[in-house]
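J.: Got a structure for you, written out below as structure tokens; questions coming shortly.
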Number of protein chains: 4
Amino acid sequence: MKKTKLSRREREKLRQRQEMLAAALELFSEKGYHNVTVQEIAEKAEFAIGTLYKFFQNKEDLYTALVLEQCDNFESALTKVLEAPGTEIEKLQNYVQGRSEKFRNNLPFVRLFLAESKGITFNIKAGLDETIRKRYRDFLEKLALVFESGIRNKRFRNIASPYQLAVALDSIIDAFLLLWLEAPERYPYPEDPDTILDIFFKGLTPP
Amino acid sequence: MKKTKLSRREREKLRQRQEMLAAALELFSEKGYHNVTVQEIAEKAEFAIGTLYKFFQNKEDLYTALVLEQCDNFESALTKVLEAPGTEIEKLQNYVQGRSEKFRNNLPFVRLFLAESKGITFNIKAGLDETIRKRYRDFLEKLALVFESGIRNKRFRNIASPYQLAVALDSIIDAFLLLWLEAPERYPYPEDPDTILDIFFKGLTPP
Amino acid sequence: MKKTKLSRREREKLRQRQEMLAAALELFSEKGYHNVTVQEIAEKAEFAIGTLYKFFQNKEDLYTALVLEQCDNFESALTKVLEAPGTEIEKLQNYVQGRSEKFRNNLPFVRLFLAESKGITFNIKAGLDETIRKRYRDFLEKLALVFESGIRNKRFRNIASPYQLAVALDSIIDAFLLLWLEAPERYPYPEDPDTILDIFFKGLTPP
Amino acid sequence: MKKTKLSRREREKLRQRQEMLAAALELFSEKGYHNVTVQEIAEKAEFAIGTLYKFFQNKEDLYTALVLEQCDNFESALTKVLEAPGTEIEKLQNYVQGRSEKFRNNLPFVRLFLAESKGITFNIKAGLDETIRKRYRDFLEKLALVFESGIRNKRFRNIASPYQLAVALDSIIDAFLLLWLEAPERYPYPEDPDTILDIFFKGLTPP
DNA sequence: AATGAATGAGCCTTCATTCAT
DNA sequence: TATGAATGAAGGCTCATTCAT
């Protein structure tokens with residue numbers, strides 16, 4: 001809980017930086033890294049190019065900062081959810097609920113995130129994607145812990161390794177998110193969290 | 001089932017085209033669309049740039065042709081699997097098996113496919129991704145039919161819409177594929193097909 | 001012999017100006033005009049850029065002021081040497097000695113001076129070099145006077161015009177200075193003044 | 001005496017390269033490295049920028065190639081002069097004559113050469129000047145050999161080390177060249193070679 | 001008066017595409 | 001028909017200079 005007092009100047013700087021990142025996020029998410037010019041970002045953020053280069057060493061640096069910052073944000077929010085007290089089932093319910101919401105409120109970033117974590121982007125020369133995948137794997141380990149404890153105390157059946165279950169759960173959440181993204185009216189989100197968990201909890205074959 | 005006789009000249013043309021596409025696939029999948037020059041592709045394929053432009057209108061056209069052709073290939077192979085006779089469970093088993101294998105034998109393309117279907121790539125200005133997603137949705141409908149009939153004849157529990165189940169299954173297959181792609185030794189593939197189906201069929205909570 | 005009393009404020013101004021010029025000299029001589037930013041100069045001099053621009057209209061102006069001031073300094077010192085009483089030979093001895101010393105104590109400037117007077121630098125658009133060369137020519141006239149009087153009173157042989165002799169002498173002094181600059185241990189300076197004069201006075205061919 | 005047959009294509013390439021270098025030489029020598037844009041060079045040489053970049057990796061590379069090639073040219077021509085048969089005195093006469101002529105026929109390059117070898121230019125990051133100075137030193141060693149043998153067989157008085165004499169001679173030649181460059185009508189060149197040698201051979205003081 | 005953040009013109013360089021041979 | 005040299009538009013980035021505080 002940082003409480004450092006920032007000078008007016010510093011606060012101003014930070015605000016400017018956020019504005020630049022916001023403009024960049026919107027553009028990158030809309031057109032892709034290579035189809036956005038630094039000029040455009042500067043214009044959208046209403047700064048001169050030179051000013052933008054005072055904040056970020058180059059285009060790649062800007063992109064990297066953008067993605068990593070957003071990752072931090074997501075990570076800490078979802079980690080908090082997982083660490084809240086409750087049974088494993090409750091934790092998963094909260095996680096599915098929390099992840100879905102967080103994503104739906106940050107669609108522009110989600111598109112970037114999926115691009116970096118799932119596809120090949122090569123937006124950045126030296127593997128930003130690798131950094132992001134590592135962080136994502138680390139986060140999945142935390143999610144896996146819930147499955148692990150659930151299996152240990154017999155609340156969950158031992159049908160796959162905890163990590164695999166974590167991977168499976170997340171992939172379904174993302175898939176349903178994309179479904180909703182593409183056709184919000186056909187696949188309304190509100191009911192999905194339960195659907196997802198039903199798939200997981202009940203299994204397809206009748207008992 | 002076209003059986004048109006091709007002249008020697010035409011067959012030669014086709015072979016050249018395939019060589020160009022093969023070179024392009026390798027490069028695009030390795031470095032990303034924007035980090036590959038037409039020059040490079042021509043060199044790798046051992047043609048002159050001008051020759052390459054005789055076959056494809058421009059870089060985008062080449063990329064589009066490449067992706068769509070590969071999609072055709074995958075689609076028809078997997079459709080065939082789904083249409084083979086058998087119970088719904090057998091069909092799904094064959095599908096998971098077939099999809100996994102097909103993917104593992106065509107890794108370069110899979111990377112492109114995931115990039116285009118999951119992330120935002122904007123490799124191509126005018127929504128190649130939209131075309132691909134549409135085709136993918138259409139294919140998912142076929143997969144959904146299996147779930148639908150399974151639900152109808154009570155082999156499967158009705159825990160989600162058939163289409164949702166199709167989406168969920170595919171997303172898990174892809175996720176496990178990525179898992180294996182990133183750490184083949186830690187997540188060996190052979191056992192995965194069953195794991196995936198177990199998750200689906202048995203459900204997480206004990207009966 | 002200006003004796004104007006400067007107010008404290010004016011003296012302070014002058015001191016600041018000198019500090020800026022000193023920082024600039026060091027940087028320009030080390031990296032060349034075009035590889036030094038005004039930013040750098042301001043930082044090294046520990047002033048804000050804006051302050052620097054209060055003293056000099058622009059980068060060129062700063063450079064010009066720097067070079068001209070240093071030239072003034074050198075010129076007046078060496079003129080003094082030439083005007084000191086003594087025979088022509090003594091004058092030349094003192095000149096060689098004085099010039100060598102002065103140069104060795106102001107290496108950073110010498111590099112700039114040689115660049116401006118010998119090479120093409122185009123550091124400055126509107127011919128600073130021309131100004132400098134003109135001043136240098138004027139100075140050489142003074143040196144030539146020594147040769148002229150030496151020739152007139154038969155102390156020197158009339159083997160070339162006085163001005164040519166002045167040019168020749170200076171070029172040798174500079175050449176030896178560069179020699180020493182590049183390999184101080186191999187071409188130690190102390191003995192050089194005499195060597196230079198020997199070349200001049202004795203001639204190469206035996207009498 | 002290379003006699004390699006060049007294909008028409010190769011000869012054409014070489015000619016283009018020479019045209020680019022010629023345009024660059026003229027511009028660099030007229031305005032200085034930093035005041036010439038690649039655009040300008042391309043225009044003057046009547047090529048598109050892209051074509052120019054097919055021949056040279058970048059602006060620095062072009063400049064380096066230009067300077068080094070010209071150096072080669074000068075070096076080999078003057079070395080040939082020094083190696084021609086004759087007494088030491090004849091060799092020096094030929095050298096002064098040859099150097100003067102060569103320089104006067106290649107004024108644009110001389111300006112570059114002096115800038116790189118005498119001044120600080122920092123046109124190029126990684127010390128082209130150092131390369132050039134090394135080559136110049138090596139050449140001076142050859143010139144020094146003439147003085148050495150002259151001293152050994154008593155044709156020359158031993159008033160300075162051979163290398164120092166070489167440095168002195170060259171510096172005077174250059175100085176006189178500059179003199180002529182600045183005021184051709186006042187310091188006509190034809191008589192200079194003898195003047196220079198007179199200064200060297202006769203000495204200033206009467207016997 | 002002093003500051004230094006903001007500006008944006010201009011430069012180097014790349015690469016998709018064309019077209020003469 | 002196949003070639004690949006030539007093209008030049010467009011983008012990333014720097015840095016001298018200004019001006020509001």
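The way I read the labels, and the way they are meant: chains A, B, ... in the order of the structure tokens, residue 1 as the first residue of every chain, and ligand 1 as the first ligand shown, with later ones counted on from there.
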Residues of chain F near chain C: apply a cut-off of 9 Å, count only C-alpha atoms (C1' of nucleotides), and supply the list as a count of residues only.
T.: 4
J.: Counting only C-alpha atoms (C1' of nucleotides), which residues from chain E have an atom at most 8 Å from any atom of chain A, and could you show them as a list in words?
T.: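 So the residues of chain E near chain A are DA6, DT7 and DG8 of chain E.
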J.: Keeping only N, CA and C atoms (P, O5', C5', C4', C3', O3' and C1' of nucleotides), take the residues you just selected and write them out as a CSV table (one decimal), in the first residue's frame.
T.:
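New file result.csv:
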```
chain,number,residue,atom,x,y,z
E,6,DA,P,5.7,18.0,-20.6
E,6,DA,O5',5.7,18.8,-22.0
E,6,DA,C5',5.1,20.1,-22.1
E,6,DA,C4',5.2,20.6,-23.5
E,6,DA,C3',4.9,19.6,-24.6
E,6,DA,O3',3.9,20.2,-25.5
E,6,DA,C1',7.0,20.6,-25.0
E,7,DT,P,3.4,19.4,-26.7
E,7,DT,O5',4.2,19.9,-27.9
E,7,DT,C5',4.3,21.3,-28.1
E,7,DT,C4',5.3,21.7,-29.1
E,7,DT,C3',5.1,20.9,-30.4
E,7,DT,O3',4.8,21.8,-31.5
E,7,DT,C1',7.4,21.0,-29.8
E,8,DG,P,3.8,21.4,-32.6
E,8,DG,O5',4.7,21.0,-33.8
E,8,DG,C5',5.7,21.9,-34.2
E,8,DG,C4',6.7,21.3,-35.1
E,8,DG,C3',6.1,20.2,-36.0
E,8,DG,O3',6.9,20.2,-37.2
E,8,DG,C1',7.7,19.2,-34.7
```
J.: Return the single residue from B:Ala144, B:Ala115, B:Ala183, B:Ile196 that is closest to chain A, with distances computed using only C-alpha atoms.
T.: B:Ala115
J.: So which one's closest to chain B, A:Glu30, A:Glu19, A:Glu101, A:Glu83? Using only C-alpha atoms, please.
T.: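 Closest to chain B of all the choices is A:Glu30.
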J.: One decimal, Å: what's the distance from CA of Arg133 in chain B over to CA of Phe109 in chain B, could you say?
T.: 15.5 Å
J.: Can you pull out the residues contacting Ser149 in chain C? Cut-off 9 Å, using only C-alpha atoms (C1' of nucleotides), and skip same-chain residues under 5 positions away; I want them as an NGL selection string.
T.: :C and (88 or 144 or 154-156 or 162)
J.: Write the residues of the selection above to a file with C-alpha atoms, as a PDB file, in the first residue's frame.
T.:
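Saved to selection-v5.pdb:
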```
ATOM      1  CA  GLU C  88      64.990  37.730 -35.469  1.00  0.00           C
ATOM      2  CA  ALA C 144      56.276  37.152 -41.780  1.00  0.00           C
ATOM      3  CA  LYS C 154      70.975  39.390 -44.177  1.00  0.00           C
ATOM      4  CA  ARG C 155      70.485  37.251 -41.158  1.00  0.00           C
ATOM      5  CA  PHE C 156      68.315  34.946 -43.255  1.00  0.00           C
ATOM      6  CA  PRO C 162      58.554  35.984 -45.857  1.00  0.00           C
TER       7      PRO C 162
END
```
J.: May I ask for the distance between CA of Leu179 in chain C and CA of Gln164 in chain D, given in Å to one decimal place?
T.: 8.7 Å
J.: Can you measure CA of Glu40 in chain A to CA of Glu60 in chain A for me? One decimal in Å is fine.
T.: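 Between CA of Glu40 in chain A and CA of Glu60 in chain A the gap works out to 14.8 Å.
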